[in-house]
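**Student:** So I've got this file, query.cif, and it contains mmCIF, C-alpha atoms, pLDDT in the B column; chains and numbers go by the auth columns:
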data_upload
#
loop_
_atom_site.group_PDB
_atom_site.id
_atom_site.type_symbol
_atom_site.label_atom_id
_atom_site.label_comp_id
_atom_site.label_asym_id
_atom_site.label_seq_id
_atom_site.Cartn_x
_atom_site.Cartn_y
_atom_site.Cartn_z
_atom_site.B_iso_or_equiv
_atom_site.auth_seq_id
_atom_site.auth_asym_id
ATOM 1 C CA MET A 1 0.000 0.000 0.000 96.00 1 A
ATOM 2 C CA ARG A 2 0.874 3.657 -0.372 98.00 2 A
ATOM 3 C CA ILE A 3 0.313 5.261 3.037 98.00 3 A
ATOM 4 C CA GLY A 4 0.410 8.943 3.970 98.00 4 A
ATOM 5 C CA LEU A 5 1.372 9.962 7.509 98.00 5 A
ATOM 6 C CA LEU A 6 0.000 13.273 8.751 98.00 6 A
ATOM 7 C CA GLY A 7 1.142 14.395 12.171 96.00 7 A
ATOM 8 C CA GLY A 8 0.124 17.464 14.134 94.00 8 A
ATOM 9 C CA THR A 9 -1.247 18.749 17.398 94.00 9 A
ATOM 10 C CA PHE A 10 -4.774 18.979 15.890 96.00 10 A
ATOM 11 C CA ASN A 11 -5.609 21.482 18.608 97.00 11 A
ATOM 12 C CA PRO A 12 -8.381 21.333 17.417 98.00 12 A
ATOM 13 C CA ILE A 13 -8.629 19.556 14.077 98.00 13 A
ATOM 14 C CA HIS A 14 -10.668 21.472 11.471 98.00 14 A
ATOM 15 C CA PHE A 15 -11.825 21.360 7.862 97.00 15 A
ATOM 16 C CA GLY A 16 -8.510 22.749 6.639 96.00 16 A
ATOM 17 C CA HIS A 17 -6.682 19.656 7.914 97.00 17 A
ATOM 18 C CA LEU A 18 -9.261 17.326 6.433 98.00 18 A
ATOM 19 C CA ARG A 19 -9.506 18.974 3.036 97.00 19 A
ATOM 20 C CA VAL A 20 -5.758 19.122 2.349 97.00 20 A
ATOM 21 C CA ALA A 21 -5.430 15.489 3.462 98.00 21 A
ATOM 22 C CA GLU A 22 -8.108 14.527 0.943 98.00 22 A
ATOM 23 C CA GLU A 23 -6.367 16.487 -1.821 98.00 23 A
ATOM 24 C CA VAL A 24 -3.033 14.811 -1.041 98.00 24 A
ATOM 25 C CA ARG A 25 -4.628 11.360 -0.968 98.00 25 A
ATOM 26 C CA GLU A 26 -6.208 11.874 -4.357 98.00 26 A
ATOM 27 C CA GLU A 27 -3.208 13.513 -6.050 97.00 27 A
ATOM 28 C CA PHE A 28 -0.735 10.821 -4.964 98.00 28 A
ATOM 29 C CA SER A 29 -3.118 7.832 -5.155 98.00 29 A
ATOM 30 C CA LEU A 30 -2.635 6.970 -1.493 98.00 30 A
ATOM 31 C CA ASP A 31 -4.490 3.956 -0.147 98.00 31 A
ATOM 32 C CA LYS A 32 -4.951 5.665 3.207 98.00 32 A
ATOM 33 C CA ILE A 33 -3.789 8.520 5.372 98.00 33 A
ATOM 34 C CA ILE A 34 -2.979 8.008 9.034 98.00 34 A
ATOM 35 C CA PHE A 35 -3.528 11.042 11.262 98.00 35 A
ATOM 36 C CA ILE A 36 -1.062 11.079 14.166 97.00 36 A
ATOM 37 C CA PRO A 37 -1.967 13.498 16.970 96.00 37 A
ATOM 38 C CA SER A 38 1.135 14.439 18.946 93.00 38 A
ATOM 39 C CA GLY A 39 1.317 13.450 22.577 88.00 39 A
ATOM 40 C CA VAL A 40 3.881 15.874 24.006 82.00 40 A
ATOM 41 C CA PRO A 41 4.932 18.097 21.067 77.00 41 A
ATOM 42 C CA PRO A 42 8.589 19.155 21.550 74.00 42 A
ATOM 43 C CA LEU A 43 8.264 22.503 19.746 64.00 43 A
ATOM 44 C CA LYS A 44 4.792 23.504 20.949 63.00 44 A
ATOM 45 C CA ARG A 45 4.208 23.571 24.673 64.00 45 A
ATOM 46 C CA GLN A 46 1.763 26.450 25.232 72.00 46 A
ATOM 47 C CA ASP A 47 -2.003 26.482 24.885 83.00 47 A
ATOM 48 C CA ILE A 48 -2.280 22.746 24.135 90.00 48 A
ATOM 49 C CA ILE A 49 -5.045 20.693 25.701 94.00 49 A
ATOM 50 C CA ASP A 50 -4.707 17.106 26.888 93.00 50 A
ATOM 51 C CA ALA A 51 -3.614 14.678 24.176 93.00 51 A
ATOM 52 C CA ASN A 52 -6.542 12.348 24.784 95.00 52 A
ATOM 53 C CA HIS A 53 -8.992 15.140 23.927 97.00 53 A
ATOM 54 C CA ARG A 54 -7.098 15.877 20.711 97.00 54 A
ATOM 55 C CA LEU A 55 -7.040 12.167 19.830 97.00 55 A
ATOM 56 C CA LYS A 56 -10.789 11.862 20.385 98.00 56 A
ATOM 57 C CA MET A 57 -11.542 14.941 18.271 98.00 57 A
ATOM 58 C CA THR A 58 -9.414 13.540 15.443 98.00 58 A
ATOM 59 C CA GLU A 59 -11.288 10.238 15.620 98.00 59 A
ATOM 60 C CA LEU A 60 -14.601 12.103 15.440 98.00 60 A
ATOM 61 C CA ALA A 61 -13.422 14.273 12.548 98.00 61 A
ATOM 62 C CA ILE A 62 -12.435 11.414 10.240 98.00 62 A
ATOM 63 C CA ASN A 63 -15.461 9.257 11.041 96.00 63 A
ATOM 64 C CA GLY A 64 -17.073 8.106 7.821 94.00 64 A
ATOM 65 C CA ASN A 65 -14.001 8.423 5.587 97.00 65 A
ATOM 66 C CA PRO A 66 -12.745 4.892 4.763 97.00 66 A
ATOM 67 C CA PHE A 67 -9.380 6.280 3.606 98.00 67 A
ATOM 68 C CA PHE A 68 -8.576 8.039 6.897 98.00 68 A
ATOM 69 C CA GLU A 69 -7.273 6.413 10.093 98.00 69 A
ATOM 70 C CA VAL A 70 -5.984 7.671 13.440 98.00 70 A
ATOM 71 C CA SER A 71 -2.958 6.387 15.329 97.00 71 A
ATOM 72 C CA ASP A 72 -2.476 6.824 19.078 95.00 72 A
ATOM 73 C CA ILE A 73 1.228 5.948 18.860 94.00 73 A
ATOM 74 C CA GLU A 74 2.337 9.341 20.191 94.00 74 A
ATOM 75 C CA VAL A 75 -0.561 9.969 22.570 94.00 75 A
ATOM 76 C CA LYS A 76 -0.007 6.782 24.558 90.00 76 A
ATOM 77 C CA HIS A 77 3.599 7.749 25.293 83.00 77 A
ATOM 78 C CA LYS A 78 4.229 10.395 27.916 74.00 78 A
ATOM 79 C CA LYS A 79 7.623 11.396 26.521 80.00 79 A
ATOM 80 C CA PRO A 80 8.148 14.109 23.865 82.00 80 A
ATOM 81 C CA SER A 81 6.743 13.048 20.488 82.00 81 A
ATOM 82 C CA TYR A 82 9.785 12.945 18.229 90.00 82 A
ATOM 83 C CA THR A 83 8.851 12.217 14.627 94.00 83 A
ATOM 84 C CA VAL A 84 11.991 10.178 14.000 94.00 84 A
ATOM 85 C CA ASN A 85 10.923 7.723 16.724 94.00 85 A
ATOM 86 C CA THR A 86 7.377 7.540 15.380 95.00 86 A
ATOM 87 C CA LEU A 87 8.590 6.806 11.849 96.00 87 A
ATOM 88 C CA THR A 88 11.006 4.159 13.108 95.00 88 A
ATOM 89 C CA HIS A 89 8.080 2.321 14.683 95.00 89 A
ATOM 90 C CA LEU A 90 5.782 2.742 11.672 96.00 90 A
ATOM 91 C CA LYS A 91 8.426 1.571 9.196 96.00 91 A
ATOM 92 C CA LYS A 92 8.635 -1.696 11.143 96.00 92 A
ATOM 93 C CA LEU A 93 4.852 -1.962 11.267 95.00 93 A
ATOM 94 C CA TYR A 94 4.433 -1.322 7.529 96.00 94 A
ATOM 95 C CA GLN A 95 7.567 -2.990 6.163 94.00 95 A
ATOM 96 C CA ARG A 96 5.971 -3.922 2.835 96.00 96 A
ATOM 97 C CA ASP A 97 4.321 -0.558 2.237 97.00 97 A
ATOM 98 C CA SER A 98 5.465 2.786 0.846 97.00 98 A
ATOM 99 C CA LEU A 99 5.272 5.548 3.461 98.00 99 A
ATOM 100 C CA PHE A 100 4.982 9.270 2.753 98.00 100 A
ATOM 101 C CA PHE A 101 5.370 11.856 5.501 98.00 101 A
ATOM 102 C CA ILE A 102 3.011 14.796 4.859 98.00 102 A
ATOM 103 C CA MET A 103 3.819 18.291 6.094 97.00 103 A
ATOM 104 C CA GLY A 104 3.443 21.951 5.211 95.00 104 A
ATOM 105 C CA ILE A 105 6.223 23.709 3.342 94.00 105 A
ATOM 106 C CA ASP A 106 6.662 26.209 6.184 92.00 106 A
ATOM 107 C CA ALA A 107 7.368 23.352 8.607 92.00 107 A
ATOM 108 C CA PHE A 108 9.689 21.700 6.084 95.00 108 A
ATOM 109 C CA PHE A 109 11.779 24.884 5.920 93.00 109 A
ATOM 110 C CA GLU A 110 12.162 24.679 9.727 92.00 110 A
ATOM 111 C CA LEU A 111 13.071 20.991 9.767 93.00 111 A
ATOM 112 C CA LYS A 112 16.588 21.696 11.030 93.00 112 A
ATOM 113 C CA PHE A 113 15.080 22.401 14.464 92.00 113 A
ATOM 114 C CA TRP A 114 13.551 18.906 14.638 93.00 114 A
ATOM 115 C CA TYR A 115 15.148 16.110 16.647 92.00 115 A
ATOM 116 C CA LYS A 116 17.578 14.085 14.460 94.00 116 A
ATOM 117 C CA TYR A 117 16.257 15.762 11.310 94.00 117 A
ATOM 118 C CA GLU A 118 19.092 14.355 9.177 94.00 118 A
ATOM 119 C CA ASP A 119 17.967 10.822 10.031 95.00 119 A
ATOM 120 C CA LEU A 120 14.389 11.838 9.295 95.00 120 A
ATOM 121 C CA LEU A 121 15.296 12.905 5.756 95.00 121 A
ATOM 122 C CA ARG A 122 16.719 9.458 5.046 96.00 122 A
ATOM 123 C CA MET A 123 13.747 7.465 6.350 96.00 123 A
ATOM 124 C CA VAL A 124 10.778 8.135 4.058 96.00 124 A
ATOM 125 C CA ASP A 125 9.656 10.175 1.082 98.00 125 A
ATOM 126 C CA PHE A 126 7.984 13.504 1.867 98.00 126 A
ATOM 127 C CA ILE A 127 4.851 15.132 0.503 98.00 127 A
ATOM 128 C CA ILE A 128 5.128 18.876 1.011 97.00 128 A
ATOM 129 C CA MET A 129 1.985 21.022 0.930 96.00 129 A
ATOM 130 C CA SER A 130 1.899 24.662 -0.128 93.00 130 A
ATOM 131 C CA ARG A 131 1.181 27.468 2.313 87.00 131 A
ATOM 132 C CA PRO A 132 0.292 31.110 1.613 80.00 132 A
ATOM 133 C CA GLY A 133 3.586 32.858 0.934 77.00 133 A
ATOM 134 C CA PHE A 134 5.516 29.577 0.648 76.00 134 A
ATOM 135 C CA ASN A 135 5.399 27.989 -2.798 76.00 135 A
ATOM 136 C CA ASN A 136 8.979 27.374 -3.935 83.00 136 A
ATOM 137 C CA LEU A 137 10.273 24.131 -2.462 89.00 137 A
ATOM 138 C CA GLN A 138 13.581 24.447 -4.302 86.00 138 A
ATOM 139 C CA ASN A 139 14.573 27.279 -1.929 87.00 139 A
ATOM 140 C CA SER A 140 14.887 24.771 0.911 91.00 140 A
ATOM 141 C CA GLU A 141 18.382 23.884 2.113 93.00 141 A
ATOM 142 C CA PHE A 142 17.337 20.214 2.145 94.00 142 A
ATOM 143 C CA ILE A 143 16.740 20.036 -1.620 94.00 143 A
ATOM 144 C CA GLU A 144 19.611 18.832 -3.818 93.00 144 A
ATOM 145 C CA TYR A 145 17.986 19.279 -7.216 93.00 145 A
ATOM 146 C CA LYS A 146 14.661 19.270 -9.049 93.00 146 A
ATOM 147 C CA GLU A 147 13.768 16.022 -10.831 94.00 147 A
ATOM 148 C CA SER A 148 10.425 17.104 -12.303 91.00 148 A
ATOM 149 C CA ASP A 149 7.738 19.748 -11.816 87.00 149 A
ATOM 150 C CA ASN A 150 6.746 18.439 -8.397 93.00 150 A
ATOM 151 C CA CYS A 151 9.538 16.007 -7.462 96.00 151 A
ATOM 152 C CA PHE A 152 12.772 16.958 -5.718 96.00 152 A
ATOM 153 C CA LYS A 153 15.816 14.927 -4.662 97.00 153 A
ATOM 154 C CA LEU A 154 16.725 15.358 -0.995 96.00 154 A
ATOM 155 C CA LYS A 155 20.330 16.088 -0.019 94.00 155 A
ATOM 156 C CA ASN A 156 22.390 13.221 1.431 93.00 156 A
ATOM 157 C CA SER A 157 19.469 10.848 0.976 95.00 157 A
ATOM 158 C CA ASP A 158 17.948 8.480 -1.562 95.00 158 A
ATOM 159 C CA LYS A 159 14.504 9.840 -0.667 97.00 159 A
ATOM 160 C CA ARG A 160 12.470 12.484 -2.454 97.00 160 A
ATOM 161 C CA ALA A 161 10.131 15.339 -1.638 97.00 161 A
ATOM 162 C CA PHE A 162 6.958 15.752 -3.674 97.00 162 A
ATOM 163 C CA PHE A 163 5.297 19.150 -3.773 96.00 163 A
ATOM 164 C CA ILE A 164 1.544 19.773 -4.017 96.00 164 A
ATOM 165 C CA SER A 165 -0.327 23.045 -4.185 94.00 165 A
ATOM 166 C CA VAL A 166 -3.338 22.612 -1.914 95.00 166 A
ATOM 167 C CA SER A 167 -6.400 24.776 -1.346 92.00 167 A
ATOM 168 C CA PRO A 168 -5.545 27.765 0.864 89.00 168 A
ATOM 169 C CA PHE A 169 -7.465 28.061 4.136 88.00 169 A
ATOM 170 C CA TRP A 170 -7.575 31.156 6.304 88.00 170 A
ATOM 171 C CA ILE A 171 -8.785 29.142 9.272 91.00 171 A
ATOM 172 C CA SER A 172 -6.279 27.749 11.771 93.00 172 A
ATOM 173 C CA SER A 173 -6.411 26.025 15.136 95.00 173 A
ATOM 174 C CA THR A 174 -5.028 29.190 16.736 94.00 174 A
ATOM 175 C CA ILE A 175 -7.871 31.270 15.304 96.00 175 A
ATOM 176 C CA LEU A 176 -10.453 28.706 16.407 97.00 176 A
ATOM 177 C CA ARG A 177 -9.153 28.690 19.981 96.00 177 A
ATOM 178 C CA GLU A 178 -9.323 32.479 20.103 96.00 178 A
ATOM 179 C CA MET A 179 -12.859 32.474 18.711 97.00 179 A
ATOM 180 C CA ILE A 180 -13.955 30.016 21.400 97.00 180 A
ATOM 181 C CA ARG A 181 -12.432 32.172 24.146 96.00 181 A
ATOM 182 C CA LYS A 182 -14.332 35.180 22.821 97.00 182 A
ATOM 183 C CA GLY A 183 -17.581 33.234 22.726 96.00 183 A
ATOM 184 C CA LYS A 184 -17.861 33.373 18.920 97.00 184 A
ATOM 185 C CA SER A 185 -19.455 30.625 16.835 97.00 185 A
ATOM 186 C CA ILE A 186 -17.141 28.080 15.226 97.00 186 A
ATOM 187 C CA ARG A 187 -19.937 26.332 13.364 97.00 187 A
ATOM 188 C CA TYR A 188 -19.050 25.324 9.768 97.00 188 A
ATOM 189 C CA LEU A 189 -15.312 25.653 10.435 97.00 189 A
ATOM 190 C CA LEU A 190 -14.857 22.105 11.700 98.00 190 A
ATOM 191 C CA PRO A 191 -16.962 18.915 11.806 98.00 191 A
ATOM 192 C CA ASP A 192 -20.125 19.328 13.836 98.00 192 A
ATOM 193 C CA ASN A 193 -19.354 16.329 16.059 98.00 193 A
ATOM 194 C CA VAL A 194 -16.001 17.926 16.935 98.00 194 A
ATOM 195 C CA ARG A 195 -17.707 21.236 17.734 98.00 195 A
ATOM 196 C CA LYS A 196 -20.155 19.460 20.042 98.00 196 A
ATOM 197 C CA TYR A 197 -17.316 17.606 21.759 98.00 197 A
ATOM 198 C CA ILE A 198 -15.535 20.911 22.421 98.00 198 A
ATOM 199 C CA GLU A 199 -18.708 22.445 23.851 97.00 199 A
ATOM 200 C CA GLU A 200 -19.607 19.428 25.986 97.00 200 A
ATOM 201 C CA ASN A 201 -16.120 19.261 27.496 97.00 201 A
ATOM 202 C CA GLU A 202 -15.774 23.070 27.773 97.00 202 A
ATOM 203 C CA LEU A 203 -12.441 23.026 25.974 97.00 203 A
ATOM 204 C CA TYR A 204 -10.343 26.121 25.195 96.00 204 A
ATOM 205 C CA LYS A 205 -12.288 28.415 27.526 89.00 205 A
#
Could you write out this file's structure as structure tokens?

**Tutor:**
Amino acid sequence: MRIGLLGGTFNPIHFGHLRVAEEVREEFSLDKIIFIPSGVPPLKRQDIIDANHRLKMTELAINGNPFFEVSDIEVKHKKPSYTVNTLTHLKKLYQRDSLFFIMGIDAFFELKFWYKYEDLLRMVDFIIMSRPGFNNLQNSEFIEYKESDNCFKLKNSDKRAFFISVSPFWISSTILREMIRKGKSIRYLLPDNVRKYIEENELYK
């Protein structure tokens, strides 16, 4: 199988996350995408609710999509969620499958701040999504050369990075959290079952 891996805090998950995942799945003919909510994110420590809430909201959000799954691999561990450790485990679990790590181009440009990022670049192929203001993947220090319109060879690695221009979304988890604190409606910005879960558990207030 061809499997996409999409990590994040999902704090909370919203339609932007879901739509770009669907576009990536379709463009690269992925058999499924695994959403991986972070347990203890190393680079984001403020304003993050309990990992079990974020895991549950992700499960609710993808309900009904047969191509989407959720993994609790990072949530069930209490230590910092280092991507290199997660991928090491998943590569053993899916030895016969092709894995693609999905991330935004802005995060890819900051990869040098990630734990053991050089090892990470040698583990799997990457699918890099566009972001407003970030559309030229070749400007990254991790790119050796361009192989085709959307395929790039990674430096010091036999892996590649594939670029996709996805639909731009103004909404973000940060904006949603601020809207909730101000008592504003978040209806139609995320799945209704996720909105109800947030309200029932009085999250982000």

**Student:** Using only C-alpha atoms - which residues lie no farther than 12 Å from the point (-14.3, 11.0, 16.3) in the file's frame? Write them as a PyMOL selection string.

**Tutor:** chain A and resi 12-13+35+52-65+68-70+191-198

**Student:** Next, dump the selected residues to file, keeping only C-alpha atoms, as an mmCIF file, in the frame of the given file.

**Tutor:**
data_model
loop_
_atom_site.group_PDB
_atom_site.id
_atom_site.type_symbol
_atom_site.label_atom_id
_atom_site.label_comp_id
_atom_site.auth_asym_id
_atom_site.auth_seq_id
_atom_site.Cartn_x
_atom_site.Cartn_y
_atom_site.Cartn_z
ATOM 1 C CA PRO A 12 -8.381 21.333 17.417
ATOM 2 C CA ILE A 13 -8.629 19.556 14.077
ATOM 3 C CA PHE A 35 -3.528 11.042 11.262
ATOM 4 C CA ASN A 52 -6.542 12.348 24.784
ATOM 5 C CA HIS A 53 -8.992 15.140 23.927
ATOM 6 C CA ARG A 54 -7.098 15.877 20.711
ATOM 7 C CA LEU A 55 -7.040 12.167 19.830
ATOM 8 C CA LYS A 56 -10.789 11.862 20.385
ATOM 9 C CA MET A 57 -11.542 14.941 18.271
ATOM 10 C CA THR A 58 -9.414 13.540 15.443
ATOM 11 C CA GLU A 59 -11.288 10.238 15.620
ATOM 12 C CA LEU A 60 -14.601 12.103 15.440
ATOM 13 C CA ALA A 61 -13.422 14.273 12.548
ATOM 14 C CA ILE A 62 -12.435 11.414 10.240
ATOM 15 C CA ASN A 63 -15.461 9.257 11.041
ATOM 16 C CA GLY A 64 -17.073 8.106 7.821
ATOM 17 C CA ASN A 65 -14.001 8.423 5.587
ATOM 18 C CA PHE A 68 -8.576 8.039 6.897
ATOM 19 C CA GLU A 69 -7.273 6.413 10.093
ATOM 20 C CA VAL A 70 -5.984 7.671 13.440
ATOM 21 C CA PRO A 191 -16.962 18.915 11.806
ATOM 22 C CA ASP A 192 -20.125 19.328 13.836
ATOM 23 C CA ASN A 193 -19.354 16.329 16.059
ATOM 24 C CA VAL A 194 -16.001 17.926 16.935
ATOM 25 C CA ARG A 195 -17.707 21.236 17.734
ATOM 26 C CA LYS A 196 -20.155 19.460 20.042
ATOM 27 C CA TYR A 197 -17.316 17.606 21.759
ATOM 28 C CA ILE A 198 -15.535 20.911 22.421
#

**Student:** Measuring atom to atom with all atoms listed in the file, identify which of A:Leu190, A:Ile128, A:Ala161, A:Ile3 is nearest to Ile143 (chain A).

**Tutor:**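 Under the stated criterion, the closest residue is A:Ala161.
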
**Student:** For a quick check of understanding, using only C-alpha atoms, which of A:Thr83, A:Asn150, A:Thr9, A:Ser130 has the smallest distance to Glu118 (chain A)?

**Tutor:**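 Comparing A:Thr83, A:Asn150, A:Thr9, A:Ser130 against Glu118 (chain A), the winner is A:Thr83.
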
**Student:** Closest to Ser172 (chain A) among A:Gln138, A:Asn11, A:Ser185, A:Ser148, using all atoms listed in the file?

**Tutor:**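 Ranking A:Gln138, A:Asn11, A:Ser185, A:Ser148 by distance to Ser172 (chain A), first place goes to A:Asn11.
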
**Student:** For CA of Asp47 (chain A) and CA of Ser71 (chain A), determine how far apart the two atoms are, in Å to one decimal place.

**Tutor:**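 Computing it gives 22.3 Å between the two atoms.
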
**Student:** On this file, the PyMOL selection byres ((chain A and resi 2) around 8) gives some set of residues; write that set as a PDB file with C-alpha atoms, in the frame of the given file.

**Tutor:**
ATOM      1  CA  MET A   1       0.000   0.000   0.000  1.00 96.00           C
ATOM      2  CA  ILE A   3       0.313   5.261   3.037  1.00 98.00           C
ATOM      3  CA  GLY A   4       0.410   8.943   3.970  1.00 98.00           C
ATOM      4  CA  SER A  29      -3.118   7.832  -5.155  1.00 98.00           C
ATOM      5  CA  LEU A  30      -2.635   6.970  -1.493  1.00 98.00           C
ATOM      6  CA  ASP A  31      -4.490   3.956  -0.147  1.00 98.00           C
ATOM      7  CA  LYS A  32      -4.951   5.665   3.207  1.00 98.00           C
ATOM      8  CA  ASP A  97       4.321  -0.558   2.237  1.00 97.00           C
ATOM      9  CA  SER A  98       5.465   2.786   0.846  1.00 97.00           C
ATOM     10  CA  LEU A  99       5.272   5.548   3.461  1.00 98.00           C
ATOM     11  CA  PHE A 100       4.982   9.270   2.753  1.00 98.00           C
TER      12      PHE A 100
END

**Student:** Can you work out which one of A:Trp114, A:Leu93, A:Arg25, A:Leu189 has the shortest atom-to-atom distance to Ile127 (chain A), counting all atoms listed in the file?

**Tutor:**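 Once distances to Ile127 (chain A) are computed over all atoms listed in the file, the minimum belongs to A:Arg25.
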
**Student:** Please provide as a ChimeraX atom specification all residues within 10 Å of Leu120 (chain A), with the sequence filter that same-chain residues fewer than 5 positions apart are discarded (counting all atoms listed in the file).

**Tutor:** /A:83-85,87-88,101,111,114-115,125-126,157

**Student:** Could you please determine the separation between CA of Gly8 (chain A) and CA of Pro41 (chain A) in Å, to one decimal place?

**Tutor:** 8.5 Å

**Student:** Rank nothing, just name the residue among A:Glu144, A:Asp149, A:Glu74, A:Asp50 nearest to Leu203 (chain A), using all atoms listed in the file.

**Tutor:**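 Selected residue with least distance to Leu203 (chain A): A:Asp50.
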
**Student:** Which residues, named as in the file, does the PyMOL selection byres ((chain A and resi 176) around 9) pick out? Answer as a ChimeraX atom specification.

**Tutor:** /A:11-12,14,171-175,177-181,186,189
